[in-house]
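Note: the block below is model26.tsv and it holds TSV, C-alpha atoms.
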```
chain	number	residue	atom	x	y	z
A	7	MET	CA	29.24	25.00	61.47
A	8	ASN	CA	28.14	21.77	59.78
A	9	THR	CA	24.92	22.35	57.85
A	10	ASP	CA	24.67	18.90	56.29
A	11	LYS	CA	21.35	17.19	56.86
A	12	PRO	CA	21.48	14.00	58.86
A	13	PHE	CA	21.40	10.79	56.82
A	14	LYS	CA	17.96	9.23	56.83
A	15	ARG	CA	18.33	5.58	57.75
A	16	HIS	CA	15.88	3.11	56.26
A	17	THR	CA	15.06	1.14	59.38
A	18	PRO	CA	12.77	-1.91	59.17
A	19	GLU	CA	10.06	0.02	61.01
A	20	ALA	CA	10.26	2.90	58.51
A	21	LEU	CA	10.14	0.53	55.55
A	22	THR	CA	7.13	-1.32	56.99
A	23	LYS	CA	5.33	1.97	57.61
A	24	ALA	CA	6.07	3.11	54.04
A	25	LEU	CA	4.69	-0.20	52.75
A	26	GLU	CA	1.47	0.21	54.72
A	27	GLU	CA	0.98	3.76	53.44
A	28	ALA	CA	1.63	2.69	49.85
A	29	LYS	CA	-0.85	-0.16	50.29
A	30	LYS	CA	-3.59	2.22	51.50
A	31	ILE	CA	-3.02	4.54	48.54
A	32	LEU	CA	-2.98	1.58	46.15
A	33	GLU	CA	-6.20	0.08	47.54
A	34	SER	CA	-8.05	3.38	47.23
A	35	SER	CA	-6.84	3.76	43.64
A	36	ALA	CA	-7.71	0.13	42.82
A	37	GLN	CA	-11.28	0.56	44.10
A	38	THR	CA	-11.77	3.69	42.00
A	39	ASN	CA	-10.28	2.16	38.87
A	40	ARG	CA	-12.23	-1.06	39.26
A	41	ASN	CA	-15.48	0.91	39.49
A	42	LEU	CA	-14.48	2.91	36.40
A	43	PHE	CA	-13.65	-0.32	34.60
A	44	ILE	CA	-17.04	-1.87	35.41
A	45	ALA	CA	-18.94	1.29	34.42
A	46	PHE	CA	-16.98	1.62	31.19
A	47	ASN	CA	-17.67	-1.96	30.16
A	48	PHE	CA	-21.37	-1.52	30.92
A	49	VAL	CA	-21.48	1.54	28.66
A	50	LEU	CA	-19.42	-0.27	26.03
A	51	ILE	CA	-21.67	-3.34	25.93
A	52	THR	CA	-24.80	-1.16	25.92
A	53	ALA	CA	-23.49	0.91	23.00
A	54	LEU	CA	-22.56	-2.25	21.10
A	55	VAL	CA	-26.00	-3.83	21.59
A	56	LEU	CA	-27.80	-0.62	20.57
A	57	CYS	CA	-25.58	-0.23	17.51
A	58	LEU	CA	-26.21	-3.80	16.38
A	59	SER	CA	-29.95	-3.33	16.94
A	60	VAL	CA	-30.06	-0.54	14.34
A	61	THR	CA	-31.56	-2.06	11.18
A	62	ASP	CA	-31.42	-0.95	7.56
A	63	GLU	CA	-35.09	0.04	7.90
A	64	ASP	CA	-34.13	2.41	10.73
A	65	LEU	CA	-31.40	3.94	8.59
A	66	LEU	CA	-33.81	4.39	5.68
A	67	LEU	CA	-36.62	6.00	7.66
A	68	GLY	CA	-34.36	8.24	9.73
A	69	SER	CA	-37.20	8.98	12.15
A	70	SER	CA	-36.53	5.96	14.35
A	71	THR	CA	-35.22	6.42	17.87
A	72	VAL	CA	-32.84	4.52	20.12
A	73	LYS	CA	-33.91	4.15	23.75
A	74	LEU	CA	-31.09	4.34	26.28
A	75	PRO	CA	-31.51	1.90	29.17
A	76	LEU	CA	-31.67	3.22	32.74
A	77	LEU	CA	-31.95	6.82	31.50
A	78	SER	CA	-35.30	6.23	29.73
A	79	ILE	CA	-34.23	8.68	27.03
A	80	GLU	CA	-34.98	8.18	23.36
A	81	LEU	CA	-32.40	9.58	20.96
A	82	PRO	CA	-32.92	10.01	17.21
A	83	ILE	CA	-30.75	7.77	15.08
A	84	TRP	CA	-28.54	10.67	13.96
A	85	ALA	CA	-27.96	11.80	17.56
A	86	PHE	CA	-27.09	8.28	18.71
A	87	ALA	CA	-24.68	7.79	15.80
A	88	SER	CA	-22.98	11.10	16.56
A	89	ILE	CA	-22.86	11.13	20.36
A	90	ALA	CA	-22.39	7.48	21.39
A	91	PRO	CA	-18.95	6.94	19.74
A	92	MET	CA	-17.71	10.27	21.08
A	93	VAL	CA	-18.76	9.28	24.61
A	94	LEU	CA	-16.94	5.96	24.22
A	95	VAL	CA	-13.70	7.68	23.20
A	96	ALA	CA	-13.97	10.16	26.09
A	97	LEU	CA	-14.60	7.37	28.63
A	98	HIS	CA	-11.83	5.26	27.13
A	99	PHE	CA	-9.41	8.18	27.49
A	100	ASP	CA	-10.45	8.72	31.10
A	101	LEU	CA	-10.12	5.01	31.90
A	102	LEU	CA	-6.62	4.68	30.44
A	103	HIS	CA	-5.41	7.94	31.95
A	104	ASN	CA	-6.49	6.82	35.43
A	105	LEU	CA	-4.98	3.41	34.80
A	106	THR	CA	-1.61	5.00	33.94
A	107	GLU	CA	-1.64	6.89	37.23
A	108	HIS	CA	-2.67	3.72	39.04
A	109	ARG	CA	0.23	1.77	37.58
A	110	ASP	CA	2.67	4.32	39.04
A	111	LYS	CA	1.15	3.69	42.49
A	112	LEU	CA	1.40	-0.04	41.88
A	113	MET	CA	5.10	0.30	41.07
A	114	VAL	CA	5.71	2.29	44.27
A	115	TRP	CA	3.95	-0.37	46.34
A	116	SER	CA	5.91	-3.19	44.70
A	117	GLN	CA	9.21	-1.39	45.38
A	118	CYS	CA	8.25	-0.99	49.04
A	119	TRP	CA	7.29	-4.66	49.20
A	120	LEU	CA	10.65	-5.76	47.77
A	121	LYS	CA	12.48	-3.64	50.33
A	122	VAL	CA	10.57	-5.19	53.21
A	123	HIS	CA	10.56	-8.71	51.69
A	124	PRO	CA	13.71	-8.97	49.55
A	125	SER	CA	13.49	-12.74	49.22
A	126	PRO	CA	12.07	-13.75	45.78
A	127	SER	CA	10.19	-16.58	47.47
A	128	ARG	CA	7.87	-14.00	49.06
A	129	ASN	CA	6.73	-12.65	45.67
A	130	ALA	CA	4.03	-15.31	45.54
A	131	ASP	CA	2.41	-13.62	48.55
A	132	MET	CA	2.03	-10.28	46.78
A	133	PRO	CA	-1.40	-10.97	45.16
A	134	ARG	CA	-2.84	-11.90	48.57
A	135	GLN	CA	-2.05	-8.42	49.88
A	136	MET	CA	-3.87	-6.57	47.12
A	137	TYR	CA	-7.36	-5.34	46.46
A	138	PRO	CA	-9.05	-7.67	43.90
A	139	PHE	CA	-8.43	-5.77	40.68
A	140	LEU	CA	-7.75	-7.55	37.38
A	141	PHE	CA	-5.07	-5.16	36.15
A	142	ASP	CA	-3.05	-5.45	39.37
A	143	PHE	CA	-2.93	-9.23	39.18
A	144	ALA	CA	-1.93	-9.12	35.51
A	145	TRP	CA	0.83	-6.59	36.24
A	146	LEU	CA	2.19	-8.69	39.11
A	147	HIS	CA	2.22	-11.79	36.95
A	148	ALA	CA	4.16	-9.98	34.22
A	149	ASN	CA	6.73	-8.48	36.59
A	150	HIS	CA	7.09	-10.49	39.78
A	151	THR	CA	5.11	-13.66	40.33
A	152	GLY	CA	5.51	-15.32	36.93
A	153	SER	CA	3.06	-18.09	37.75
A	154	THR	CA	2.84	-21.03	35.37
A	155	VAL	CA	-0.85	-21.54	36.14
A	156	MET	CA	-2.87	-21.01	32.97
A	157	ARG	CA	-5.39	-18.63	34.55
A	158	SER	CA	-2.55	-16.35	35.64
A	159	ARG	CA	-0.80	-16.47	32.27
A	160	LEU	CA	-4.02	-15.42	30.55
A	161	LEU	CA	-4.46	-12.29	32.69
A	162	PRO	CA	-2.29	-9.86	30.64
A	163	GLY	CA	-3.97	-10.89	27.40
A	164	LEU	CA	-7.42	-10.64	28.96
A	165	CYS	CA	-6.66	-7.14	30.25
A	166	TRP	CA	-5.46	-6.09	26.79
A	167	LEU	CA	-8.71	-7.37	25.30
A	168	LEU	CA	-10.90	-5.54	27.80
A	169	TYR	CA	-8.94	-2.30	28.03
A	170	CYS	CA	-7.71	-1.88	24.45
A	171	TRP	CA	-9.19	-4.07	21.74
A	172	ALA	CA	-12.82	-4.09	22.91
A	173	ALA	CA	-13.37	-0.31	22.75
A	174	TYR	CA	-11.40	0.02	19.52
A	175	THR	CA	-13.45	-2.74	17.89
A	176	VAL	CA	-16.80	-1.32	19.03
A	177	LEU	CA	-15.84	1.97	17.36
A	178	ALA	CA	-14.95	-0.01	14.24
A	179	ILE	CA	-18.42	-1.62	14.35
A	180	PHE	CA	-20.01	1.85	14.54
A	181	PHE	CA	-17.99	2.87	11.50
A	182	ILE	CA	-19.06	-0.19	9.52
A	183	ARG	CA	-22.73	-0.09	10.57
A	184	PHE	CA	-23.38	3.54	9.68
A	185	ALA	CA	-21.30	3.44	6.51
A	186	ASP	CA	-24.43	1.90	4.95
A	187	LEU	CA	-25.95	5.39	5.04
A	188	GLN	CA	-23.35	6.49	2.45
A	189	HIS	CA	-23.07	9.79	4.28
A	190	TYR	CA	-19.76	11.63	4.32
A	191	GLY	CA	-20.49	13.24	7.68
A	192	TYR	CA	-21.17	10.05	9.66
A	193	THR	CA	-18.37	8.07	8.00
A	194	GLY	CA	-15.81	10.84	8.41
A	195	TRP	CA	-16.77	11.42	12.05
A	196	HIS	CA	-16.58	7.74	12.97
A	197	LEU	CA	-13.24	7.34	11.17
A	198	LEU	CA	-11.83	10.37	12.99
A	199	LEU	CA	-12.91	8.96	16.37
A	200	LEU	CA	-11.42	5.58	15.49
A	201	ILE	CA	-8.06	7.16	14.66
A	202	PHE	CA	-8.16	9.27	17.83
A	203	ASP	CA	-8.89	6.20	19.95
A	204	GLY	CA	-5.87	4.48	18.41
A	205	LEU	CA	-3.74	7.46	19.44
A	206	VAL	CA	-5.24	7.34	22.95
A	207	LEU	CA	-4.15	3.70	23.17
A	208	HIS	CA	-0.63	4.68	22.14
A	209	TRP	CA	-0.34	7.58	24.57
A	210	TYR	CA	-2.07	6.14	27.63
A	211	TRP	CA	-2.07	2.33	27.59
A	212	PRO	CA	0.50	1.63	30.34
A	213	GLY	CA	1.29	-1.96	29.44
A	214	PHE	CA	2.58	-4.51	31.93
A	215	LYS	CA	6.33	-3.93	31.88
A	216	GLN	CA	7.82	-1.20	34.02
A	217	ASP	CA	9.60	0.34	31.04
A	218	SER	CA	7.04	-0.57	28.39
A	219	LYS	CA	5.83	1.89	25.81
A	220	PRO	CA	3.55	0.73	22.98
A	221	VAL	CA	4.60	1.53	19.44
A	222	VAL	CA	2.29	3.95	17.66
A	223	TRP	CA	2.45	1.93	14.46
A	224	ASN	CA	1.33	-1.32	16.07
A	225	PRO	CA	-2.17	-1.19	14.52
A	226	LEU	CA	-0.70	-0.42	11.09
A	227	VAL	CA	1.89	-3.16	11.44
A	228	ALA	CA	-0.83	-5.55	12.56
A	229	MET	CA	-2.96	-4.68	9.55
A	230	ILE	CA	-0.14	-5.22	7.05
A	231	PHE	CA	2.17	-7.85	8.49
A	232	ALA	CA	0.03	-10.03	10.76
A	233	PRO	CA	-0.57	-12.68	8.03
A	234	THR	CA	3.21	-13.08	7.69
A	235	TRP	CA	3.17	-15.01	10.99
A	236	LEU	CA	2.33	-17.97	8.77
A	237	THR	CA	5.83	-17.81	7.24
A	238	PRO	CA	8.50	-19.62	9.27
A	239	HIS	CA	11.20	-16.92	9.38
A	240	PHE	CA	10.39	-13.59	7.71
A	241	GLY	CA	7.15	-12.73	9.49
A	242	ARG	CA	8.31	-13.58	12.99
A	243	LYS	CA	11.56	-11.68	12.48
A	244	VAL	CA	9.68	-8.58	11.25
A	245	LEU	CA	7.23	-8.62	14.16
A	246	ALA	CA	9.67	-9.64	16.86
A	247	GLY	CA	10.34	-6.02	17.87
A	248	PHE	CA	6.72	-5.19	18.64
A	249	SER	CA	5.13	-5.71	22.04
A	250	LEU	CA	2.16	-7.68	20.78
A	251	SER	CA	1.51	-11.39	20.86
A	252	ARG	CA	0.45	-13.37	17.82
A	253	ALA	CA	-3.19	-13.50	19.00
A	254	GLN	CA	-3.25	-9.74	19.64
A	255	LEU	CA	-1.85	-9.06	16.18
A	256	LEU	CA	-4.49	-11.28	14.64
A	257	LEU	CA	-7.33	-9.52	16.47
A	258	LEU	CA	-6.03	-6.07	15.51
A	259	TRP	CA	-5.60	-7.25	11.94
A	260	LEU	CA	-9.21	-8.46	11.78
A	261	SER	CA	-10.56	-5.16	13.16
A	262	ASN	CA	-8.40	-3.00	10.92
A	263	MET	CA	-9.04	-5.07	7.80
A	264	ALA	CA	-12.80	-4.78	8.33
A	265	VAL	CA	-12.45	-0.98	8.63
A	266	LEU	CA	-10.12	-0.78	5.63
A	267	TRP	CA	-12.42	-2.90	3.46
A	268	THR	CA	-15.43	-0.76	4.36
A	269	LEU	CA	-13.49	2.45	3.76
A	270	VAL	CA	-12.30	1.31	0.33
A	271	LEU	CA	-15.77	0.18	-0.75
A	272	PHE	CA	-17.34	3.36	0.64
A	273	THR	CA	-14.87	5.44	-1.35
A	274	LEU	CA	-15.52	3.47	-4.55
A	275	VAL	CA	-19.29	3.80	-4.15
A	276	GLN	CA	-19.07	7.55	-3.56
A	277	THR	CA	-16.70	7.95	-6.50
A	278	HIS	CA	-19.19	6.11	-8.68
A	279	ILE	CA	-22.00	8.43	-7.49
A	280	ASP	CA	-20.11	11.70	-7.86
A	281	PHE	CA	-17.86	11.02	-10.84
A	282	GLY	CA	-19.44	8.09	-12.65
A	283	SER	CA	-16.41	5.84	-12.26
A	284	SER	CA	-16.55	2.19	-13.21
A	285	PRO	CA	-18.23	0.09	-10.50
A	286	ALA	CA	-16.49	-3.14	-11.57
A	287	PHE	CA	-14.93	-3.88	-8.18
A	288	VAL	CA	-18.14	-2.96	-6.35
A	289	ASN	CA	-20.12	-5.32	-8.57
A	290	GLN	CA	-17.61	-8.08	-7.88
A	291	ALA	CA	-17.96	-7.41	-4.15
A	292	LEU	CA	-21.74	-7.73	-4.52
A	293	VAL	CA	-21.20	-11.15	-6.09
A	294	TRP	CA	-19.01	-12.18	-3.17
A	295	GLU	CA	-21.64	-10.76	-0.83
A	296	GLU	CA	-24.22	-13.28	-1.99
A	297	THR	CA	-21.94	-16.06	-0.78
A	298	SER	CA	-20.91	-14.36	2.46
A	299	ARG	CA	-24.51	-13.52	3.35
A	300	SER	CA	-25.59	-17.12	2.97
A	301	LEU	CA	-22.69	-18.24	5.18
A	302	VAL	CA	-22.34	-15.59	7.89
A	303	GLY	CA	-25.00	-12.98	7.06
A	304	LEU	CA	-22.54	-10.14	6.36
A	305	ASN	CA	-22.75	-7.32	3.83
A	306	LEU	CA	-19.53	-6.63	1.97
A	307	VAL	CA	-20.69	-3.39	0.34
A	308	PRO	CA	-21.84	-0.38	2.40
A	309	ARG	CA	-25.43	-0.10	1.19
A	310	LEU	CA	-29.00	-0.49	2.37
A	311	SER	CA	-30.49	-3.97	1.99
A	312	LEU	CA	-34.26	-3.61	2.05
A	313	ALA	CA	-35.55	-6.44	-0.10
A	314	GLY	CA	-39.24	-6.96	0.61
A	315	PHE	CA	-39.50	-3.86	2.81
A	316	ARG	CA	-43.05	-2.54	3.21
A	317	LEU	CA	-43.72	1.06	4.15
A	318	THR	CA	-46.45	1.01	6.77
A	319	LEU	CA	-48.95	3.78	7.33
A	320	PRO	CA	-49.29	5.65	10.62
A	321	ASP	CA	-51.87	4.33	13.06
A	322	LYS	CA	-55.48	5.21	12.10
A	323	PHE	CA	-54.28	6.91	8.90
A	324	PHE	CA	-57.51	6.42	6.97
A	325	GLU	CA	-59.75	7.36	9.91
A	326	VAL	CA	-57.93	10.67	10.38
A	327	ALA	CA	-57.84	11.34	6.63
A	328	LYS	CA	-61.58	10.82	6.31
A	329	LEU	CA	-62.28	13.17	9.19
A	330	GLN	CA	-60.16	15.83	7.52
A	331	GLY	CA	-61.59	15.30	4.02
A	332	SER	CA	-64.51	13.73	2.29
A	333	THR	CA	-65.93	10.68	3.98
A	334	GLU	CA	-67.06	9.39	0.59
A	335	GLN	CA	-63.49	8.76	-0.59
A	336	SER	CA	-62.28	5.21	-0.58
A	337	ASP	CA	-59.08	4.11	1.08
A	338	ARG	CA	-57.50	3.76	-2.38
A	339	GLN	CA	-58.35	7.35	-3.29
A	340	LEU	CA	-57.04	8.66	0.01
A	341	TRP	CA	-53.76	6.79	-0.47
A	342	GLN	CA	-53.40	8.10	-4.03
A	343	GLU	CA	-53.77	11.67	-2.78
A	344	THR	CA	-51.08	11.20	-0.13
A	345	HIS	CA	-47.88	13.01	-1.04
A	346	ASN	CA	-44.36	12.19	0.12
A	347	ALA	CA	-45.23	9.36	2.48
A	348	LEU	CA	-41.44	8.92	2.77
A	349	ASP	CA	-39.04	11.70	1.85
A	350	LEU	CA	-35.92	10.17	0.28
A	351	SER	CA	-34.96	13.20	-1.77
A	352	TRP	CA	-31.22	13.78	-2.16
A	353	ARG	CA	-30.45	10.55	-0.29
A	354	ARG	CA	-27.38	8.57	-1.38
A	355	MET	CA	-28.57	4.98	-1.88
A	356	ALA	CA	-26.31	3.61	-4.58
A	357	PHE	CA	-26.42	-0.17	-5.01
A	358	ALA	CA	-29.27	-0.38	-2.45
A	359	ASP	CA	-31.45	-3.46	-2.64
A	360	PHE	CA	-35.11	-2.44	-2.97
A	361	SER	CA	-36.27	-5.60	-4.73
A	362	PHE	CA	-39.96	-6.34	-4.03
A	363	ALA	CA	-40.10	-3.36	-1.68
A	364	LEU	CA	-43.36	-1.44	-1.24
A	365	LEU	CA	-42.59	2.28	-1.12
A	366	PRO	CA	-45.71	4.03	-2.47
A	367	HIS	CA	-45.67	7.80	-2.78
A	368	SER	CA	-42.03	8.09	-1.69
A	369	ASN	CA	-40.23	11.23	-2.76
A	370	LEU	CA	-37.15	10.09	-4.69
A	371	SER	CA	-36.34	13.39	-6.37
A	372	ASN	CA	-32.57	13.84	-6.83
A	373	ALA	CA	-31.91	10.59	-4.95
A	374	LYS	CA	-28.68	8.83	-5.91
A	375	LEU	CA	-29.77	5.35	-6.97
A	376	GLN	CA	-26.91	4.29	-9.25
A	377	GLY	CA	-26.74	0.51	-9.36
A	378	ALA	CA	-29.74	0.08	-7.06
A	379	ASN	CA	-31.81	-3.08	-7.37
A	380	LEU	CA	-35.41	-2.00	-8.03
A	381	ILE	CA	-36.72	-5.30	-9.40
A	382	ALA	CA	-40.45	-5.60	-8.66
A	383	ALA	CA	-40.29	-2.56	-6.37
A	384	HIS	CA	-43.56	-0.64	-5.98
A	385	LEU	CA	-42.87	3.09	-5.83
A	386	GLN	CA	-46.46	4.30	-6.18
A	387	TRP	CA	-50.01	2.98	-5.93
A	388	ARG	CA	-51.19	1.08	-8.97
```
As structure tokens, the full file:
Amino acid sequence: MNTDKPFKRHTPEALTKALEEAKKILESSAQTNRNLFIAFNFVLITALVLCLSVTDEDLLLGSSTVKLPLLSIELPIWAFASIAPMVLVALHFDLLHNLTEHRDKLMVWSQCWLKVHPSPSRNADMPRQMYPFLFDFAWLHANHTGSTVMRSRLLPGLCWLLYCWAAYTVLAIFFIRFADLQHYGYTGWHLLLLIFDGLVLHWYWPGFKQDSKPVVWNPLVAMIFAPTWLTPHFGRKVLAGFSLSRAQLLLLWLSNMAVLWTLVLFTLVQTHIDFGSSPAFVNQALVWEETSRSLVGLNLVPRLSLAGFRLTLPDKFFEVAKLQGSTEQSDRQLWQETHNALDLSWRRMAFADFSFALLPHSNLSNAKLQGANLIAAHLQWR
């Protein structure tokens, strides 16, 4: 008795039906992933704006809050600095994981299309059959359509910017912004999340080639060798084996160099605080900072810059104080009797700029103020 299964013939009708089913699955996945992409970028932009809105005064006071839009929730600075980057990494992981699964569905659909329409001339019709999703168009351009139109050629690079570099760079900005606190906990946490996000990119970024797999050392290579693109032979030969364009290498190099510079300066500052090491390089960076601040407004040393800062009293301070005490006391006497208007005890504020700052009755016991600029600073009522 012959038990062999009958050979399944791929008739045109069967191939067309398979193409329609693959298209339905792909469209459903594209809708979901596009919604995730839009939501992720909204969260990313919101986190970036809130991070950039945090001032040195907010970091000094510590009691400031960050209001989350839409949710109408106010988070303390420490909670925002701890939770927001973690949420970004989690959402980034979810986005790339879903995108990897979506690319597999896109490959199945493209294979069905090529079976039904084997002629290469029909490849130009593929984008017209798809749900409008940026990643799908970029993938088709890289694998099938190969359009010479500039807007199509820019799609893979634009997707890389939005899916990879943007989230990684926002995490780098969090690291740099809160390094001014000179706090091991915040800096270590942000650095850990930045490294983890780089690994997420390696494991889950699907790329645009069917057999592509990013190299885990791409960020490190970008940080070290990207400037060698300027050399005519050596640099291009070294970087030829990596799946990154020259512009992508430059952007990764800028992000990583900013993180590396901040990490090195943070380490030198903390070493100076804890072990009394020579601050020669930090002082030189402060000199360079004067020039950079006048040009682009950037700080080169992780420190608080509070020149001219004035500590303000709570609303109706004197009215409440007089109700609680003697009404015959003057405002000057009440202010002199105020203790610890701002508690800065045990804070690490090396090389901070407090010139001409008004910080009366601030508790600075055991504060680390090595190299701080206290010229004309008022630390108590005169």
When you count all atoms listed in the file, which of these residues is closest to Gln254 of chain A: A:Pro212, A:Pro82, A:Gly163, A:Pro308?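 Of A:Pro212, A:Pro82, A:Gly163, A:Pro308, the one nearest Gln254 of chain A, counting all atoms listed in the file, is A:Gly163.
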In terms of all atoms listed in the file, the residue from A:Val176, A:Met136, A:Leu271, A:Met92 at minimal distance from Ala286 of chain A is A:Leu271
Quick one: residues within 10 Å of segment 309-312 of chain A, all atoms listed in the file, excluding same-chain residues fewer than 5 positions away - as a list of chain:residue names?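 My reading of the contact set: A:Thr61, A:Asp62, A:Glu63, A:Leu65, A:Leu66, A:Arg183, A:Phe184, A:Ala185, A:Asp186, A:Leu187, A:Gln188, A:Leu271, A:Phe272, A:Val275, A:Arg354, A:Met355, A:Ala356, A:Phe357, A:Ala358, A:Asp359, A:Phe360, A:Ser361, A:Phe362, A:Ala363, A:Leu364, A:Ala378, A:Asn379.
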Restricting to all atoms listed in the file, whichever of A:Ala24, A:Arg252, A:His278, A:Tyr174 is closest to Val114 of chain A is A:Ala24
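Coordinates place atom CA of Ser70 of chain A at a distance of 19.1 Å from atom CA of Gly314 of chain A.
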Could you check how far atom CA of Phe99 of chain A sits from atom CA of Ala53 of chain A, in Å to one decimal?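 A separation of 16.5 Å between them.
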Residue contacts of Tyr210 of chain A (7 Å, all atoms listed in the file) excluding same-chain residues fewer than 4 positions away, as a PyMOL selection string: chain A and resi 102-103+106+206
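Across A:Ala382, A:Val307, A:His147, A:Lys23, the tightest approach to Trp294 of chain A is made by A:Val307 when counting all atoms listed in the file.
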Quote the spacing between atom CA of Ile79 of chain A and atom CA of Leu50 of chain A in Å to one decimal place.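 Between atom CA of Ile79 of chain A and atom CA of Leu50 of chain A the gap is 17.3 Å.
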I need the residue nearest Glu107 of chain A from this list: A:Ala36, A:Leu385, A:Ser371, A:Leu21. Use only C-alpha atoms for the distance.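 Selected residue with least distance to Glu107 of chain A: A:Ala36.
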Ref. answer, residues at most 12 Å from (-15.8, 6.4, 35.9) with all atoms listed in the file, as number ranges by chain: A: 37-49, 94, 96-105
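Nearest to Phe180 of chain A of all the residues A:Ser59, A:Thr17, A:Thr273, A:Asn289 is A:Ser59, based on all atoms listed in the file.
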Leaving out Leu32 of chain A and any residue of its chain fewer than 6 positions from it, which residues lie within 9 Å of it when counting all atoms listed in the file, given as an NGL selection string? :A and (108 or 111-112 or 114-115 or 136-137)
Considering only C-alpha atoms, return as number ranges by chain whatever protein or nucleic-acid residues lie within 6 Å of Leu370 of chain A, sequence-local ones (same chain, fewer than 2 positions apart) excluded. A: 350-351, 373
Please save C-alpha atoms of the selected residues as a short mmCIF file (atom, residue, chain, number, x, y, z; two decimals), keeping the file's coordinate frame.
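Printed below is result38.cif as written:
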```
data_model
loop_
_atom_site.label_atom_id
_atom_site.label_comp_id
_atom_site.auth_asym_id
_atom_site.auth_seq_id
_atom_site.Cartn_x
_atom_site.Cartn_y
_atom_site.Cartn_z
CA LEU A 350 -35.92 10.17 0.28
CA SER A 351 -34.96 13.20 -1.77
CA ALA A 373 -31.91 10.59 -4.95
#
```
